[in-house]
$ cat input33.csv   # CSV, N, CA and C atoms
chain,number,residue,atom,x,y,z
Z,640,MET,N,100.8,124.0,104.0
Z,640,MET,CA,100.4,124.8,105.1
Z,640,MET,C,101.0,124.3,106.3
Z,641,SER,N,101.6,125.2,107.1
Z,641,SER,CA,102.4,124.8,108.2
Z,641,SER,C,101.8,125.1,109.5
Z,642,GLU,N,100.7,125.9,109.6
Z,642,GLU,CA,100.2,126.3,110.8
Z,642,GLU,C,98.8,125.7,111.0
Z,643,PRO,N,98.5,125.2,112.2
Z,643,PRO,CA,97.1,124.7,112.5
Z,643,PRO,C,96.1,125.9,112.6
Z,644,TYR,N,94.9,125.5,112.5
Z,644,TYR,CA,93.8,126.5,112.7
Z,644,TYR,C,93.3,126.5,114.1
Z,645,SER,N,92.8,127.6,114.5
Z,645,SER,CA,92.1,127.6,115.8
Z,645,SER,C,90.6,128.1,115.5
Z,646,HIS,N,89.8,127.7,116.4
Z,646,HIS,CA,88.4,128.1,116.3
Z,646,HIS,C,87.8,128.1,117.7
Z,647,ASP,N,86.6,128.7,117.9
Z,647,ASP,CA,85.9,128.7,119.1
Z,647,ASP,C,85.3,127.3,119.3
Z,648,HIS,N,85.8,126.5,120.2
Z,648,HIS,CA,85.4,125.2,120.4
Z,648,HIS,C,83.9,125.1,120.8
Z,649,ALA,N,83.5,126.0,121.7
Z,649,ALA,CA,82.1,126.0,122.1
Z,649,ALA,C,81.1,126.2,121.0
Z,650,SER,N,81.4,127.2,120.1
Z,650,SER,CA,80.5,127.5,119.0
Z,650,SER,C,80.6,126.5,117.9
Z,651,SER,N,81.6,125.6,117.9
Z,651,SER,CA,81.7,124.7,116.8
Z,651,SER,C,81.5,123.3,117.2
Z,652,SER,N,80.9,123.0,118.3
Z,652,SER,CA,80.8,121.6,118.8
Z,652,SER,C,79.9,120.8,117.9
Z,653,ALA,N,78.9,121.5,117.3
Z,653,ALA,CA,78.0,120.8,116.3
Z,653,ALA,C,78.8,120.4,115.1
Z,654,LEU,N,79.7,121.1,114.7
Z,654,LEU,CA,80.5,120.7,113.5
Z,654,LEU,C,81.3,119.4,113.8
Z,655,HIS,N,81.7,119.2,115.1
Z,655,HIS,CA,82.5,118.1,115.4
Z,655,HIS,C,81.6,117.0,115.9
Z,656,GLY,N,80.3,117.1,115.9
Z,656,GLY,CA,79.4,116.1,116.2
Z,656,GLY,C,79.5,115.6,117.7
Z,657,GLY,N,80.0,116.5,118.5
Z,657,GLY,CA,80.1,116.1,119.9
Z,657,GLY,C,80.8,114.8,120.1
Z,658,ASP,N,81.9,114.6,119.4
Z,658,ASP,CA,82.6,113.3,119.3
Z,658,ASP,C,83.5,113.0,120.5
Z,659,GLY,N,83.5,113.9,121.5
Z,659,GLY,CA,84.3,113.7,122.6
Z,659,GLY,C,85.8,113.9,122.5
Z,660,HIS,N,86.3,114.3,121.3
Z,660,HIS,CA,87.7,114.6,121.1
Z,660,HIS,C,88.0,116.0,121.5
Z,661,ASP,N,89.2,116.2,121.9
Z,661,ASP,CA,89.7,117.5,122.4
Z,661,ASP,C,90.1,118.3,121.1
Z,662,HIS,N,89.2,119.2,120.8
Z,662,HIS,CA,89.5,120.1,119.6
Z,662,HIS,C,90.0,121.5,120.1
Z,663,SER,N,90.4,121.6,121.3
Z,663,SER,CA,90.8,122.9,121.9
Z,663,SER,C,92.2,123.3,121.5
Z,664,GLY,N,93.0,122.4,121.0
Z,664,GLY,CA,94.3,122.7,120.7
Z,664,GLY,C,95.3,122.5,121.8
Z,665,ALA,N,94.8,122.0,122.9
Z,665,ALA,CA,95.6,121.8,124.1
Z,665,ALA,C,96.8,120.9,123.9
Z,666,ASN,N,96.7,120.0,122.9
Z,666,ASN,CA,97.8,119.0,122.7
Z,666,ASN,C,98.7,119.5,121.6
Z,667,LEU,N,98.6,120.7,121.1
Z,667,LEU,CA,99.5,121.2,120.1
Z,667,LEU,C,100.8,121.6,120.6
Z,668,ASP,N,101.8,121.5,119.7
Z,668,ASP,CA,103.2,121.9,120.1
Z,668,ASP,C,103.1,123.4,120.5
Z,669,PRO,N,103.7,123.8,121.6
Z,669,PRO,CA,103.6,125.2,122.1
Z,669,PRO,C,104.4,126.1,121.2
Z,670,ASP,N,105.3,125.6,120.4
Z,670,ASP,CA,106.1,126.4,119.5
Z,670,ASP,C,105.5,126.7,118.2
Z,671,VAL,N,104.3,126.1,117.9
Z,671,VAL,CA,103.6,126.3,116.7
Z,671,VAL,C,102.5,127.5,116.9
Z,672,GLU,N,102.6,128.4,116.0
Z,672,GLU,CA,101.6,129.5,116.1
Z,672,GLU,C,100.3,129.1,115.6
Z,673,ILE,N,99.2,129.4,116.3
Z,673,ILE,CA,97.9,129.0,115.9
Z,673,ILE,C,97.2,130.2,115.1
Z,674,ARG,N,96.6,129.9,114.0
Z,674,ARG,CA,96.0,130.9,113.2
Z,674,ARG,C,94.5,130.8,113.3
Z,675,ASP,N,93.8,131.9,113.3
Z,675,ASP,CA,92.4,131.9,113.4
Z,675,ASP,C,91.9,131.5,112.0
Z,676,ILE,N,90.9,130.6,111.9
Z,676,ILE,CA,90.4,130.1,110.6
Z,676,ILE,C,89.9,131.2,109.8
Z,677,GLY,N,89.4,132.2,110.4
Z,677,GLY,CA,88.8,133.4,109.6
Z,677,GLY,C,89.9,134.1,108.9
Z,678,GLU,N,91.1,134.0,109.2
Z,678,GLU,CA,92.2,134.7,108.6
Z,678,GLU,C,92.9,133.9,107.5
Z,679,VAL,N,92.4,132.6,107.3
Z,679,VAL,CA,93.0,131.7,106.3
Z,679,VAL,C,92.3,131.9,105.0
Z,680,PRO,N,93.1,132.2,103.9
Z,680,PRO,CA,92.5,132.4,102.6
Z,680,PRO,C,91.7,131.1,102.1
Z,681,ALA,N,90.7,131.3,101.4
Z,681,ALA,CA,89.8,130.2,100.9
Z,681,ALA,C,90.6,129.2,100.1
Z,682,ILE,N,91.5,129.7,99.3
Z,682,ILE,CA,92.3,128.7,98.4
Z,682,ILE,C,93.1,127.8,99.3
Z,683,GLU,N,93.6,128.3,100.4
Z,683,GLU,CA,94.4,127.5,101.3
Z,683,GLU,C,93.5,126.5,102.0
Z,684,VAL,N,92.3,126.9,102.4
Z,684,VAL,CA,91.4,125.9,103.1
Z,684,VAL,C,91.0,124.8,102.1
Z,685,ILE,N,90.7,125.2,100.8
Z,685,ILE,CA,90.3,124.3,99.8
Z,685,ILE,C,91.4,123.3,99.5
Z,686,ASN,N,92.6,123.8,99.4
Z,686,ASN,CA,93.8,122.9,99.2
Z,686,ASN,C,94.0,121.9,100.3
Z,687,THR,N,93.9,122.4,101.6
Z,687,THR,CA,94.0,121.6,102.7
Z,687,THR,C,93.0,120.5,102.8
Z,688,VAL,N,91.8,120.8,102.5
Z,688,VAL,CA,90.7,119.8,102.5
Z,688,VAL,C,90.9,118.8,101.4
Z,689,ALA,N,91.3,119.3,100.3
Z,689,ALA,CA,91.6,118.3,99.2
Z,689,ALA,C,92.7,117.4,99.5
Z,690,ILE,N,93.8,117.9,100.1
Z,690,ILE,CA,94.9,117.0,100.5
Z,690,ILE,C,94.5,116.0,101.6
Z,691,HIS,N,93.6,116.4,102.5
Z,691,HIS,CA,93.1,115.4,103.5
Z,691,HIS,C,92.3,114.4,102.8
Z,692,LEU,N,91.4,114.8,101.8
Z,692,LEU,CA,90.6,113.8,101.1
Z,692,LEU,C,91.5,112.8,100.3
Z,693,LEU,N,92.6,113.4,99.6
Z,693,LEU,CA,93.5,112.6,98.9
Z,693,LEU,C,94.2,111.6,99.8
Z,694,SER,N,94.7,112.0,101.0
Z,694,SER,CA,95.4,111.2,101.9
Z,694,SER,C,94.5,110.1,102.4
Z,695,ALA,N,93.2,110.4,102.8
Z,695,ALA,CA,92.3,109.4,103.3
Z,695,ALA,C,92.0,108.4,102.2
Z,696,THR,N,91.8,108.9,101.0
Z,696,THR,CA,91.6,108.0,99.9
Z,696,THR,C,92.7,107.0,99.7
Z,697,ALA,N,93.9,107.5,99.7
Z,697,ALA,CA,95.1,106.6,99.6
Z,697,ALA,C,95.1,105.5,100.6
Z,698,VAL,N,94.8,105.9,101.9
Z,698,VAL,CA,94.7,104.9,102.9
Z,698,VAL,C,93.6,103.9,102.6
Z,699,LYS,N,92.5,104.3,102.2
Z,699,LYS,CA,91.4,103.4,101.9
Z,699,LYS,C,91.6,102.5,100.7
Z,700,LEU,N,92.6,102.9,99.9
Z,700,LEU,CA,93.0,102.1,98.7
Z,700,LEU,C,94.2,101.2,99.0
Z,701,GLY,N,94.6,101.3,100.2
Z,701,GLY,CA,95.8,100.4,100.6
Z,701,GLY,C,97.1,101.0,100.2
Z,702,LEU,N,97.2,102.3,99.8
Z,702,LEU,CA,98.4,102.9,99.3
Z,702,LEU,C,99.3,103.5,100.4
Z,703,ALA,N,98.8,103.4,101.6
Z,703,ALA,CA,99.6,104.1,102.7
Z,703,ALA,C,100.9,103.3,102.9
Z,704,ASP,N,101.9,104.0,103.4
Z,704,ASP,CA,103.2,103.5,103.6
Z,704,ASP,C,103.2,102.9,105.0
Z,705,GLU,N,102.4,101.9,105.3
Z,705,GLU,CA,102.3,101.3,106.6
Z,705,GLU,C,102.3,99.8,106.4
Z,706,PRO,N,102.8,99.1,107.4
Z,706,PRO,CA,102.8,97.6,107.3
Z,706,PRO,C,101.4,97.0,107.1
Z,707,ASP,N,100.4,97.6,107.7
Z,707,ASP,CA,99.0,97.0,107.6
Z,707,ASP,C,98.2,97.7,106.5
Z,708,ALA,N,98.8,98.3,105.5
Z,708,ALA,CA,98.1,99.0,104.5
Z,708,ALA,C,97.0,98.2,103.8
Z,709,GLU,N,97.3,97.0,103.5
Z,709,GLU,CA,96.3,96.2,102.8
Z,709,GLU,C,95.0,95.9,103.7
Z,710,ALA,N,95.2,95.8,105.0
Z,710,ALA,CA,94.1,95.6,106.0
Z,710,ALA,C,93.2,96.8,106.0
Z,711,GLN,N,93.7,98.0,105.6
Z,711,GLN,CA,92.9,99.2,105.6
Z,711,GLN,C,92.1,99.4,104.3
Z,712,ILE,N,92.2,98.6,103.4
Z,712,ILE,CA,91.5,98.7,102.1
Z,712,ILE,C,90.0,98.7,102.3
Z,713,ASP,N,89.3,99.7,101.8
Z,713,ASP,CA,87.8,99.8,101.9
Z,713,ASP,C,87.4,100.6,100.7
Z,714,LEU,N,87.0,99.9,99.6
Z,714,LEU,CA,86.7,100.5,98.4
Z,714,LEU,C,85.4,101.3,98.4
Z,715,ASP,N,84.5,100.9,99.3
Z,715,ASP,CA,83.2,101.7,99.4
Z,715,ASP,C,83.6,103.1,100.0
Z,716,GLU,N,84.4,103.1,101.0
Z,716,GLU,CA,84.8,104.4,101.6
Z,716,GLU,C,85.7,105.2,100.6
Z,717,ALA,N,86.5,104.5,99.9
Z,717,ALA,CA,87.4,105.2,98.9
Z,717,ALA,C,86.5,105.9,97.8
Z,718,ARG,N,85.4,105.2,97.4
Z,718,ARG,CA,84.5,105.7,96.4
Z,718,ARG,C,83.9,107.0,96.9
Z,719,LYS,N,83.5,107.0,98.1
Z,719,LYS,CA,82.8,108.2,98.7
Z,719,LYS,C,83.8,109.4,98.8
Z,720,LEU,N,85.0,109.1,99.2
Z,720,LEU,CA,86.1,110.1,99.3
Z,720,LEU,C,86.4,110.7,97.9
Z,721,ILE,N,86.5,109.8,96.9
Z,721,ILE,CA,86.9,110.3,95.6
Z,721,ILE,C,85.7,111.1,95.0
Z,722,ASN,N,84.5,110.7,95.3
Z,722,ASN,CA,83.4,111.6,94.8
Z,722,ASN,C,83.4,112.9,95.4
Z,723,ALA,N,83.7,113.0,96.7
Z,723,ALA,CA,83.8,114.3,97.4
Z,723,ALA,C,84.9,115.1,96.9
Z,724,LEU,N,86.1,114.5,96.7
Z,724,LEU,CA,87.2,115.2,96.1
Z,724,LEU,C,87.0,115.7,94.7
Z,725,ALA,N,86.3,114.9,93.9
Z,725,ALA,CA,86.0,115.3,92.5
Z,725,ALA,C,85.1,116.5,92.5
Z,726,GLY,N,84.1,116.5,93.3
Z,726,GLY,CA,83.2,117.6,93.4
Z,726,GLY,C,83.9,118.9,93.9
Z,727,LEU,N,84.7,118.7,94.9
Z,727,LEU,CA,85.5,119.9,95.4
Z,727,LEU,C,86.4,120.5,94.3
Z,728,VAL,N,87.2,119.6,93.7
Z,728,VAL,CA,88.2,120.0,92.8
Z,728,VAL,C,87.5,120.7,91.5
Z,729,THR,N,86.5,120.0,91.0
Z,729,THR,CA,85.8,120.5,89.9
Z,729,THR,C,85.1,121.9,90.1
Z,730,ALA,N,84.4,122.0,91.3
Z,730,ALA,CA,83.7,123.2,91.6
Z,730,ALA,C,84.7,124.4,91.9
Z,731,SER,N,85.8,124.1,92.5
Z,731,SER,CA,86.7,125.1,92.9
Z,731,SER,C,87.8,125.5,91.9
Z,732,ALA,N,88.0,124.6,90.9
Z,732,ALA,CA,89.1,124.8,89.9
Z,732,ALA,C,89.1,126.2,89.4
Z,733,PRO,N,88.0,126.8,88.9
Z,733,PRO,CA,88.1,128.2,88.4
Z,733,PRO,C,88.6,129.2,89.4
Z,734,ASP,N,88.4,129.0,90.6
Z,734,ASP,CA,88.9,130.0,91.7
Z,734,ASP,C,90.3,129.7,92.1
Z,735,LEU,N,90.8,128.4,91.9
Z,735,LEU,CA,92.1,128.0,92.4
Z,735,LEU,C,93.2,128.5,91.5
Z,736,GLY,N,92.9,128.6,90.2
Z,736,GLY,CA,94.0,128.9,89.2
Z,736,GLY,C,94.7,127.7,88.8
Z,737,ASP,N,95.4,127.8,87.7
Z,737,ASP,CA,96.0,126.6,87.1
Z,737,ASP,C,97.0,125.9,88.0
Z,738,HIS,N,97.8,126.7,88.7
Z,738,HIS,CA,98.9,126.1,89.5
Z,738,HIS,C,98.3,125.1,90.5
Z,739,HIS,N,97.3,125.5,91.3
Z,739,HIS,CA,96.7,124.6,92.3
Z,739,HIS,C,95.8,123.6,91.7
Z,740,ALA,N,95.0,124.0,90.8
Z,740,ALA,CA,94.0,123.1,90.2
Z,740,ALA,C,94.6,121.9,89.5
Z,741,LEU,N,95.7,122.2,88.7
Z,741,LEU,CA,96.4,121.1,88.0
Z,741,LEU,C,96.9,120.1,89.0
Z,742,ALA,N,97.5,120.5,90.0
Z,742,ALA,CA,98.1,119.5,91.0
Z,742,ALA,C,97.0,118.7,91.6
Z,743,LEU,N,95.9,119.4,92.0
Z,743,LEU,CA,94.7,118.6,92.6
Z,743,LEU,C,94.1,117.7,91.6
Z,744,ARG,N,93.9,118.1,90.3
Z,744,ARG,CA,93.4,117.2,89.3
Z,744,ARG,C,94.3,116.0,89.1
Z,745,ASP,N,95.6,116.2,89.1
Z,745,ASP,CA,96.5,115.1,88.9
Z,745,ASP,C,96.4,114.1,90.1
Z,746,GLY,N,96.3,114.6,91.3
Z,746,GLY,CA,96.1,113.7,92.5
Z,746,GLY,C,94.8,113.0,92.4
Z,747,LEU,N,93.7,113.7,92.0
Z,747,LEU,CA,92.4,113.1,91.8
Z,747,LEU,C,92.5,112.0,90.8
Z,748,ARG,N,93.1,112.3,89.6
Z,748,ARG,CA,93.2,111.2,88.6
Z,748,ARG,C,94.0,110.0,89.1
Z,749,THR,N,95.0,110.3,89.8
Z,749,THR,CA,95.8,109.2,90.4
Z,749,THR,C,95.0,108.2,91.2
Z,750,VAL,N,94.2,108.8,92.1
Z,750,VAL,CA,93.4,107.9,93.0
Z,750,VAL,C,92.2,107.3,92.2
Z,751,GLN,N,91.7,108.0,91.2
Z,751,GLN,CA,90.7,107.3,90.4
Z,751,GLN,C,91.2,106.1,89.7
Z,752,LEU,N,92.4,106.3,89.1
Z,752,LEU,CA,93.0,105.1,88.5
Z,752,LEU,C,93.4,104.0,89.4
Z,753,ALA,N,93.9,104.4,90.6
Z,753,ALA,CA,94.2,103.4,91.6
Z,753,ALA,C,92.9,102.6,92.1
Z,754,PHE,N,91.8,103.3,92.2
Z,754,PHE,CA,90.6,102.7,92.5
Z,754,PHE,C,90.2,101.7,91.4
Z,755,ARG,N,90.3,102.1,90.2
Z,755,ARG,CA,89.9,101.2,89.1
Z,755,ARG,C,90.8,100.0,89.1
Z,756,GLU,N,92.1,100.1,89.4
Z,756,GLU,CA,93.0,99.0,89.5
Z,756,GLU,C,92.7,98.1,90.7
Z,757,ALA,N,92.3,98.6,91.8
Z,757,ALA,CA,92.0,97.9,93.0
Z,757,ALA,C,90.7,97.1,92.9
Z,758,SER,N,89.8,97.6,92.1
Z,758,SER,CA,88.4,97.1,92.1
Z,758,SER,C,88.4,95.8,91.3
Z,759,SER,N,87.8,94.7,91.9
Z,759,SER,CA,87.7,93.5,91.2
Z,759,SER,C,86.5,93.5,90.2
Z,760,ILE,N,85.5,94.4,90.4
Z,760,ILE,CA,84.4,94.6,89.5
Z,760,ILE,C,84.5,96.0,88.9
Z,761,PRO,N,84.9,96.0,87.7
Z,761,PRO,CA,85.1,97.3,87.0
Z,761,PRO,C,83.8,98.1,86.8
Z,762,ASP,N,83.9,99.4,87.1
Z,762,ASP,CA,82.8,100.3,86.8
Z,762,ASP,C,82.7,100.5,85.3
Z,763,ALA,N,81.5,100.8,84.7
Z,763,ALA,CA,81.4,101.1,83.3
Z,763,ALA,C,82.1,102.5,83.1
Z,764,VAL,N,82.6,102.7,81.9
Z,764,VAL,CA,83.3,103.9,81.6
Z,764,VAL,C,82.4,105.1,81.9
Z,765,GLY,N,82.9,106.0,82.6
Z,765,GLY,CA,82.2,107.2,83.0
Z,765,GLY,C,81.4,107.0,84.3
Z,766,LYS,N,81.4,105.8,84.8
Z,766,LYS,CA,80.6,105.5,86.1
Z,766,LYS,C,81.4,105.3,87.3
Z,767,GLY,N,82.7,105.4,87.1
Z,767,GLY,CA,83.7,105.2,88.3
Z,767,GLY,C,83.5,106.4,89.2
Z,768,PRO,N,84.2,106.2,90.4
Z,768,PRO,CA,84.1,107.3,91.4
Z,768,PRO,C,84.6,108.6,90.9
Z,769,GLY,N,83.8,109.7,91.1
Z,769,GLY,CA,84.2,111.0,90.6
Z,769,GLY,C,84.0,111.3,89.2
Z,770,GLU,N,83.7,110.3,88.4
Z,770,GLU,CA,83.6,110.5,86.9
Z,770,GLU,C,82.4,111.3,86.5
Z,771,LYS,N,81.4,111.4,87.4
Z,771,LYS,CA,80.2,112.2,87.2
Z,771,LYS,C,80.7,113.7,87.0
Z,772,TRP,N,81.8,114.1,87.7
Z,772,TRP,CA,82.3,115.4,87.7
Z,772,TRP,C,83.5,115.6,86.8
Z,773,THR,N,84.3,114.5,86.6
Z,773,THR,CA,85.5,114.7,85.8
Z,773,THR,C,85.4,114.1,84.4
Z,774,GLY,N,84.4,113.3,84.2
Z,774,GLY,CA,84.3,112.6,82.9
Z,774,GLY,C,85.1,111.3,83.0
Z,775,PRO,N,85.1,110.5,82.0
Z,775,PRO,CA,85.8,109.2,82.1
Z,775,PRO,C,87.3,109.4,82.3
Z,776,VAL,N,87.9,108.5,83.1
Z,776,VAL,CA,89.3,108.5,83.4
Z,776,VAL,C,89.9,107.3,82.9
Z,777,ASN,N,91.0,107.4,82.1
Z,777,ASN,CA,91.7,106.3,81.5
Z,777,ASN,C,93.1,106.3,82.0
$ encode --input "input33.csv" --output "structure tokens"
Amino acid sequence: MSEPYSHDHASSSALHGGDGHDHSGANLDPDVEIRDIGEVPAIEVINTVAIHLLSATAVKLGLADEPDAEAQIDLDEARKLINALAGLVTASAPDLGDHHALALRDGLRTVQLAFREASSIPDAVGKGPGEKWTGPVN
């Protein structure tokens, strides 16, 4: 996806938790066309959210391509993100179709295995992050 979304900032402040961040789009590149979130197909939104979850999980697993990647490891946070991703991917797979669902399942499996490798205390088979929705990952 190459275009950012726009939304009515005033009506969505509750979604952003009143976090004080500028969600108005004022800092966006003026050459980038802004799309109304209502015009974005559901599959595109689901894929975007899944990619964000995958990226955040990779950071929390220390897989980011950054000098301080190991300092960002947080397995508790990674577990939460993987659970959310597994629920999203599993629930939306029938609507996504094979092309999108297979890529997301592959990414999910990759972070599940990376979590298992990073954890010093292994989860029981079928009890790892996301395995409630995906089944055991080997």
$ closest_residue --input "input33.csv" --among "Z:Glu683, Z:Asp713, Z:Asp704, Z:Glu770" --to "Z:Gly726" --atoms "all atoms listed in the file"
Z:Glu770
$ closest_residue --input "input33.csv" --among "Z:Val764, Z:Val776, Z:His691, Z:Val671" --to "Z:Leu752" --atoms "all atoms listed in the file"
Z:Val776
$ atom_distance --input "input33.csv" --atom1 "atom CA of Z:Ala742" --atom2 "atom CA of Z:Ala757"
22.5 Å
$ atom_distance --input "input33.csv" --atom1 "atom N of Z:Gly774" --atom2 "atom N of Z:Ile685"
21.4 Å
$ select_by_dssp --input "input33.csv" --residues "stretch 675-733 of chain Z" --states "helix (DSSP H, G or I)" --output "CSV table (one decimal) with N, CA and C atoms, keeping the file's coordinate frame"
chain,number,residue,atom,x,y,z
Z,676,ILE,N,90.9,130.6,111.9
Z,676,ILE,CA,90.4,130.1,110.6
Z,676,ILE,C,89.9,131.2,109.8
Z,677,GLY,N,89.4,132.2,110.4
Z,677,GLY,CA,88.8,133.4,109.6
Z,677,GLY,C,89.9,134.1,108.9
Z,678,GLU,N,91.1,134.0,109.2
Z,678,GLU,CA,92.2,134.7,108.6
Z,678,GLU,C,92.9,133.9,107.5
Z,681,ALA,N,90.7,131.3,101.4
Z,681,ALA,CA,89.8,130.2,100.9
Z,681,ALA,C,90.6,129.2,100.1
Z,682,ILE,N,91.5,129.7,99.3
Z,682,ILE,CA,92.3,128.7,98.4
Z,682,ILE,C,93.1,127.8,99.3
Z,683,GLU,N,93.6,128.3,100.4
Z,683,GLU,CA,94.4,127.5,101.3
Z,683,GLU,C,93.5,126.5,102.0
Z,684,VAL,N,92.3,126.9,102.4
Z,684,VAL,CA,91.4,125.9,103.1
Z,684,VAL,C,91.0,124.8,102.1
Z,685,ILE,N,90.7,125.2,100.8
Z,685,ILE,CA,90.3,124.3,99.8
Z,685,ILE,C,91.4,123.3,99.5
Z,686,ASN,N,92.6,123.8,99.4
Z,686,ASN,CA,93.8,122.9,99.2
Z,686,ASN,C,94.0,121.9,100.3
Z,687,THR,N,93.9,122.4,101.6
Z,687,THR,CA,94.0,121.6,102.7
Z,687,THR,C,93.0,120.5,102.8
Z,688,VAL,N,91.8,120.8,102.5
Z,688,VAL,CA,90.7,119.8,102.5
Z,688,VAL,C,90.9,118.8,101.4
Z,689,ALA,N,91.3,119.3,100.3
Z,689,ALA,CA,91.6,118.3,99.2
Z,689,ALA,C,92.7,117.4,99.5
Z,690,ILE,N,93.8,117.9,100.1
Z,690,ILE,CA,94.9,117.0,100.5
Z,690,ILE,C,94.5,116.0,101.6
Z,691,HIS,N,93.6,116.4,102.5
Z,691,HIS,CA,93.1,115.4,103.5
Z,691,HIS,C,92.3,114.4,102.8
Z,692,LEU,N,91.4,114.8,101.8
Z,692,LEU,CA,90.6,113.8,101.1
Z,692,LEU,C,91.5,112.8,100.3
Z,693,LEU,N,92.6,113.4,99.6
Z,693,LEU,CA,93.5,112.6,98.9
Z,693,LEU,C,94.2,111.6,99.8
Z,694,SER,N,94.7,112.0,101.0
Z,694,SER,CA,95.4,111.2,101.9
Z,694,SER,C,94.5,110.1,102.4
Z,695,ALA,N,93.2,110.4,102.8
Z,695,ALA,CA,92.3,109.4,103.3
Z,695,ALA,C,92.0,108.4,102.2
Z,696,THR,N,91.8,108.9,101.0
Z,696,THR,CA,91.6,108.0,99.9
Z,696,THR,C,92.7,107.0,99.7
Z,697,ALA,N,93.9,107.5,99.7
Z,697,ALA,CA,95.1,106.6,99.6
Z,697,ALA,C,95.1,105.5,100.6
Z,698,VAL,N,94.8,105.9,101.9
Z,698,VAL,CA,94.7,104.9,102.9
Z,698,VAL,C,93.6,103.9,102.6
Z,699,LYS,N,92.5,104.3,102.2
Z,699,LYS,CA,91.4,103.4,101.9
Z,699,LYS,C,91.6,102.5,100.7
Z,708,ALA,N,98.8,98.3,105.5
Z,708,ALA,CA,98.1,99.0,104.5
Z,708,ALA,C,97.0,98.2,103.8
Z,709,GLU,N,97.3,97.0,103.5
Z,709,GLU,CA,96.3,96.2,102.8
Z,709,GLU,C,95.0,95.9,103.7
Z,710,ALA,N,95.2,95.8,105.0
Z,710,ALA,CA,94.1,95.6,106.0
Z,710,ALA,C,93.2,96.8,106.0
Z,711,GLN,N,93.7,98.0,105.6
Z,711,GLN,CA,92.9,99.2,105.6
Z,711,GLN,C,92.1,99.4,104.3
Z,714,LEU,N,87.0,99.9,99.6
Z,714,LEU,CA,86.7,100.5,98.4
Z,714,LEU,C,85.4,101.3,98.4
Z,715,ASP,N,84.5,100.9,99.3
Z,715,ASP,CA,83.2,101.7,99.4
Z,715,ASP,C,83.6,103.1,100.0
Z,716,GLU,N,84.4,103.1,101.0
Z,716,GLU,CA,84.8,104.4,101.6
Z,716,GLU,C,85.7,105.2,100.6
Z,717,ALA,N,86.5,104.5,99.9
Z,717,ALA,CA,87.4,105.2,98.9
Z,717,ALA,C,86.5,105.9,97.8
Z,718,ARG,N,85.4,105.2,97.4
Z,718,ARG,CA,84.5,105.7,96.4
Z,718,ARG,C,83.9,107.0,96.9
Z,719,LYS,N,83.5,107.0,98.1
Z,719,LYS,CA,82.8,108.2,98.7
Z,719,LYS,C,83.8,109.4,98.8
Z,720,LEU,N,85.0,109.1,99.2
Z,720,LEU,CA,86.1,110.1,99.3
Z,720,LEU,C,86.4,110.7,97.9
Z,721,ILE,N,86.5,109.8,96.9
Z,721,ILE,CA,86.9,110.3,95.6
Z,721,ILE,C,85.7,111.1,95.0
Z,722,ASN,N,84.5,110.7,95.3
Z,722,ASN,CA,83.4,111.6,94.8
Z,722,ASN,C,83.4,112.9,95.4
Z,723,ALA,N,83.7,113.0,96.7
Z,723,ALA,CA,83.8,114.3,97.4
Z,723,ALA,C,84.9,115.1,96.9
Z,724,LEU,N,86.1,114.5,96.7
Z,724,LEU,CA,87.2,115.2,96.1
Z,724,LEU,C,87.0,115.7,94.7
Z,725,ALA,N,86.3,114.9,93.9
Z,725,ALA,CA,86.0,115.3,92.5
Z,725,ALA,C,85.1,116.5,92.5
Z,726,GLY,N,84.1,116.5,93.3
Z,726,GLY,CA,83.2,117.6,93.4
Z,726,GLY,C,83.9,118.9,93.9
Z,727,LEU,N,84.7,118.7,94.9
Z,727,LEU,CA,85.5,119.9,95.4
Z,727,LEU,C,86.4,120.5,94.3
Z,728,VAL,N,87.2,119.6,93.7
Z,728,VAL,CA,88.2,120.0,92.8
Z,728,VAL,C,87.5,120.7,91.5
Z,729,THR,N,86.5,120.0,91.0
Z,729,THR,CA,85.8,120.5,89.9
Z,729,THR,C,85.1,121.9,90.1
Z,730,ALA,N,84.4,122.0,91.3
Z,730,ALA,CA,83.7,123.2,91.6
Z,730,ALA,C,84.7,124.4,91.9
Z,731,SER,N,85.8,124.1,92.5
Z,731,SER,CA,86.7,125.1,92.9
Z,731,SER,C,87.8,125.5,91.9
Z,732,ALA,N,88.0,124.6,90.9
Z,732,ALA,CA,89.1,124.8,89.9
Z,732,ALA,C,89.1,126.2,89.4
Z,733,PRO,N,88.0,126.8,88.9
Z,733,PRO,CA,88.1,128.2,88.4
Z,733,PRO,C,88.6,129.2,89.4
